[in-house]
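J.: One structure, pasted below without further comment.
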Amino acid sequence: MSGSNVETDAVIPVTRPSMPDFDTYVEMIRPLWESRHLSNRGENVRALEEELEQRLHVPHVSLLTNGHLALETAIDVLGLTGEVITTPFTFASTTHALIRKQITPVFCDINPVDYTIDVNKIEALITERTTAILPVHVYGNVCDVEAIEQLAKRHGLRVLYDAAHAFGVRHDGRDVSTFGDLTMFSFHATKVFHTIEGGALTFRDARYVEAIHQAVNFGITGPESVESVGGNAKMNEFQAAMGRCNLPRIDADIEKRKRLVERYDTRLGNASFLRLNLRNERTESNYAYYPVLVTKGRAARDDMMAYLAQHGILARKYFYPLVTDFSCYAFDASVPNATYVSDRVITLPLYPDMTMEMVDRICDVILEGGNER
Ligand code: T4K
């Protein structure tokens, strides 16, 4: 077999953070040496919240130190208890946040089309202990937000979206930040938009503003007043400065991602042993990830992963194992679609600094070796 190999070609990671111009960042943080205001809602945090409200067309953005603490904070602010219906096809954080807040996760299967929560299976899981639904816009694929809203209304449930993958995604022209009671974003280094580490909660209802401020800063409301038992989940000024440098670059980054995705689609579209991520025509994607399913099954997928690694291509299995199979949990849940997808998925490298030649190299390797697997 010809094709690239690890001896001759550089390693390609699954992702690499997009970085602003170094001097631009230095200029952004230079005033901090003068002001010494490094944390606790400084100028950059307040400015970035406003800039994000404009960018995402959402009335309220609250910044937090990371996406996971944003989820835990949202659970507190919404007053969730009892059971919450969620998906097993996600990063550990989604379920961990529930468990760490003494909530029982109830796992709903995903739909086999876009891998988001199967809205036809939610209702059967609702009990008198259910307080909310926690769906995930996995890979930036938007959940069936209309059906979820109707279900939540009918049963008096809250909706907290995990939009860690969905920064800047629009559905029917509406930004994902505006759905549900609260939406959580991750601004981790590996995300489409990042603040090194970071996260946000977005929402339309102004009464959450004060509740979140208290929850992320020990419940402090003034120099001599502490009104609630909050924690510490504040974003600092260096994180926010990184976000302010990255935000003006985000559209160009998404455009670069789009072109790379189109190339992958063209090159891999006819590979009989793969199933590509189907994009919904109603959704404007951010092209956050490039998942493919190796249709034959888990052994073929694992073989393909090893073969890619031999060629210096460090793909990942986002998300395998399913949360329900983590050794810290081992939940007994019937989630056949999630199991099917998790056993077959590979997320291929995708980040704005990638070149078309790198995509071609990855596709050459896959197409040359794929049929043998
Ligand atoms: N909900 C969902 C659905 C999520 O996907 C996540 C996070 C969360 C909630 C929680 O949000 P945060 O609390 O993280 O804000 C990575 C990320 O660490 C994690 O943020 C992300 N999801 C998850 C999908 O991916 P790992 O364990 O795969 O990261 P790691 O260190 O193996 O890095 C992946 C690749 O990125 C490597 O090839 C190296 C490269 N990389 C990574 C970092 C951290 C860099 O080039 N530079 C870097 O600084 O979890």
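Each chain of the structure tokens is named A, B, ... in the order shown, its residues numbered from 1; ligands are numbered from 1 in display order.
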Pick out the residues sitting within 10 Å of Arg316 in chain A, and hand them over as a list of chain:residue names; count only C-alpha atoms, and ignore anything fewer than 6 positions along from it in its own chain.

T.: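 Result of the neighbour search: A:Pro13, A:Val14, A:Thr15, A:Pro291, A:Met305, A:Ala309, A:Val345, A:Ile346, A:Thr347, A:Leu348, A:Pro349.
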
J.: Write out the residues from the selection above, keeping C-alpha atoms, as a compact mmCIF listing (two decimals), in the first residue's frame.

T.:
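Output file result_9.txt is given in full below:
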# COMPACT_ATOMS: atom_id res chain seq x y z
CA PRO A 13 -3.87 15.88 16.15
CA VAL A 14 -7.67 15.71 16.36
CA THR A 15 -7.69 19.43 17.08
CA PRO A 291 -17.46 12.47 12.93
CA MET A 305 -8.17 4.04 14.57
CA ALA A 309 -2.44 6.34 14.28
CA VAL A 345 -17.67 6.63 15.61
CA ILE A 346 -14.34 8.24 14.79
CA THR A 347 -13.88 12.00 14.95
CA LEU A 348 -11.32 12.97 12.34
CA PRO A 349 -8.90 15.90 12.76

J.: For ligand 1, collect every residue having any atom at a distance of at most 7 Å from a ligand atom (counting only C-alpha atoms and all ligand atoms); output as number ranges by chain.

T.: A: 13-17, 66-69, 90-91, 93-94, 136, 138, 162-165, 186-190, 197-199, 314, 318

J.: List every residue of range 212-270 of chain A that DSSP, applied to the backbone, labels as alpha helix (DSSP H), and write the result as number ranges by chain.

T.: A: 212-216, 237-246, 250-268

J.: Per DSSP on the backbone, filter range 107-296 of chain A down to the residues in strand (DSSP E or B) and report them as a ChimeraX atom specification.

T.: /A:107,110,117,130-134,136,158-162,170-171,174-175,182-186,199-203,217,220-222,225-226,232,274-276,283-284,290-294

J.: When distances are computed from only C-alpha atoms, which of A:Asn141, A:Asn246, A:Thr339, A:Thr116 shows the smallest separation from Asn286 in chain A?

T.: A:Asn141

J.: Extract, using only C-alpha atoms, all DNA, RNA and protein residues at most 8 Å from Asp109 in chain A, discarding same-chain residues fewer than 4 positions from it, and format them as a ChimeraX atom specification.

T.: /A:87-88,117-118,121,334-338

J.: Out of A:Val294, A:Ala74, A:Met19, A:Ala152, which residue has the shortest atom-to-atom distance to Arg244 in chain A when counting only C-alpha atoms?

T.: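 Checking each candidate against Arg244 in chain A, we get A:Met19 as the closest.
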
J.: Would you mind reading off the distance between CA of Val119 in chain A and CA of Gly156 in chain A, one decimal, in Å?

T.: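 Value for the CA of Val119 in chain A-CA of Gly156 in chain A distance: 16.1 Å.
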
J.: From the options A:Leu80, A:Ala166, A:Ile110, A:Val61, which residue's atoms come nearest to Thr131 in chain A, counting only C-alpha atoms?

T.: A:Leu80

J.: Find the residue from A:Tyr320, A:Phe238, A:Tyr208, A:Phe89 that sits nearest to Cys108 in chain A; use only C-alpha atoms when measuring.

T.: A:Phe89

J.: By how many Å are CA of His96 in chain A and CA of Thr221 in chain A apart?

T.: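 CA of His96 in chain A sits 28.8 Å away from CA of Thr221 in chain A.
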
J.: Need to verify the contact set: Thr355 in chain A, 12 Å, only C-alpha atoms, exclusion of same-chain residues closer than 3 positions in sequence. Can you return it as a ChimeraX atom specification?

T.: /A:12,256-257,259-261,263-264,349-352,358-362

J.: Dump C-alpha atoms for the selected residues as a PDB file, in the first residue's frame?

T.:
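File selection.pdb, as written:
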ATOM      1  CA  ILE A  12      -1.985  15.470  12.845  1.00  0.00           C
ATOM      2  CA  LYS A 256     -12.048  27.737   7.155  1.00  0.00           C
ATOM      3  CA  ARG A 257     -13.645  24.805   8.995  1.00  0.00           C
ATOM      4  CA  ARG A 259     -14.087  24.494   3.527  1.00  0.00           C
ATOM      5  CA  LEU A 260     -12.201  21.644   5.201  1.00  0.00           C
ATOM      6  CA  VAL A 261     -15.475  19.831   5.952  1.00  0.00           C
ATOM      7  CA  ARG A 263     -13.353  18.658   1.208  1.00  0.00           C
ATOM      8  CA  TYR A 264     -13.780  15.739   3.613  1.00  0.00           C
ATOM      9  CA  PRO A 349      -8.900  15.899  12.757  1.00  0.00           C
ATOM     10  CA  LEU A 350     -10.489  19.286  12.152  1.00  0.00           C
ATOM     11  CA  TYR A 351      -9.222  22.723  13.102  1.00  0.00           C
ATOM     12  CA  PRO A 352      -8.847  26.039  11.275  1.00  0.00           C
ATOM     13  CA  MET A 358      -3.691  17.569   5.355  1.00  0.00           C
ATOM     14  CA  VAL A 359      -7.341  16.667   4.705  1.00  0.00           C
ATOM     15  CA  ASP A 360      -6.295  15.016   1.454  1.00  0.00           C
ATOM     16  CA  ARG A 361      -3.568  13.066   3.220  1.00  0.00           C
ATOM     17  CA  ILE A 362      -6.077  11.803   5.810  1.00  0.00           C
TER      18      ILE A 362
END

J.: Find the residue from A:Gly312, A:Pro321, A:Gly269, A:Pro248 that sits nearest to Leu367 in chain A; use only C-alpha atoms when measuring.

T.: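 Checking each of A:Gly312, A:Pro321, A:Gly269, A:Pro248 against Leu367 in chain A, counting only C-alpha atoms, the winner is A:Gly269.
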
J.: Hey, can you check how far CA of Tyr25 in chain A sits from CA of Asn40 in chain A?

T.: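 Atom-to-atom, CA of Tyr25 in chain A to CA of Asn40 in chain A, that is 20.2 Å.
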
J.: Excluding same-chain residues fewer than 6 positions from Trp33 in chain A, what lies within 12 Å of it counting only C-alpha atoms, as a ChimeraX atom specification?

T.: /A:26-27,237-238

J.: Pick from A:Leu322, A:Leu64, A:Ala300, A:Leu182: nearest to Gln214 in chain A, with only C-alpha atoms counted?

T.: A:Leu64

J.: Residues at most 9 Å from Leu276 in chain A, counting only C-alpha atoms, excluding those fewer than 3 positions away in the same chain, as a VMD selection string?

T.: chain A and resid 265 268 to 269 290 to 293

J.: Tell me, as a short mmCIF file (atom, residue, chain, number, x, y, z; two decimals) with N, CA, C and O atoms, in the first residue's frame, which residues lie within 12 Å of Gln54 in chain A, counting only C-alpha atoms; anything in the same chain fewer than 6 positions away does not count.

T.:
data_model
loop_
_atom_site.label_atom_id
_atom_site.label_comp_id
_atom_site.auth_asym_id
_atom_site.auth_seq_id
_atom_site.Cartn_x
_atom_site.Cartn_y
_atom_site.Cartn_z
N ALA A 47 -16.85 43.28 29.29
CA ALA A 47 -16.87 43.62 27.86
C ALA A 47 -17.17 42.38 27.02
O ALA A 47 -17.97 42.44 26.08
N LEU A 48 -16.56 41.24 27.36
CA LEU A 48 -16.79 40.03 26.56
C LEU A 48 -18.24 39.57 26.68
O LEU A 48 -18.82 39.09 25.70
N HIS A 60 -28.86 37.74 27.40
CA HIS A 60 -27.95 37.63 28.55
C HIS A 60 -26.90 36.55 28.35
O HIS A 60 -27.23 35.42 28.00
N VAL A 61 -25.65 36.94 28.63
CA VAL A 61 -24.53 35.98 28.66
C VAL A 61 -23.83 36.17 30.00
O VAL A 61 -23.49 37.30 30.37
N GLY A 168 -22.16 29.54 18.06
CA GLY A 168 -22.44 30.22 16.79
C GLY A 168 -23.39 29.48 15.87
O GLY A 168 -23.65 29.93 14.76
N ASP A 175 -30.22 31.72 16.97
CA ASP A 175 -29.01 31.18 17.60
C ASP A 175 -29.38 30.16 18.67
O ASP A 175 -30.34 30.36 19.42
N SER A 177 -28.17 29.69 21.40
CA SER A 177 -28.07 30.29 22.75
C SER A 177 -29.42 30.73 23.29
O SER A 177 -29.53 31.03 24.48
N THR A 202 -26.19 31.19 28.71
CA THR A 202 -26.95 32.19 27.96
C THR A 202 -28.43 31.98 28.26
O THR A 202 -28.86 30.85 28.50
N LEU A 247 -12.83 36.48 19.39
CA LEU A 247 -14.18 36.68 18.86
C LEU A 247 -14.21 37.32 17.46
O LEU A 247 -14.94 36.84 16.58
N PRO A 248 -13.41 38.37 17.21
CA PRO A 248 -13.46 38.97 15.86
C PRO A 248 -12.96 38.01 14.77
O PRO A 248 -13.20 38.25 13.59
#
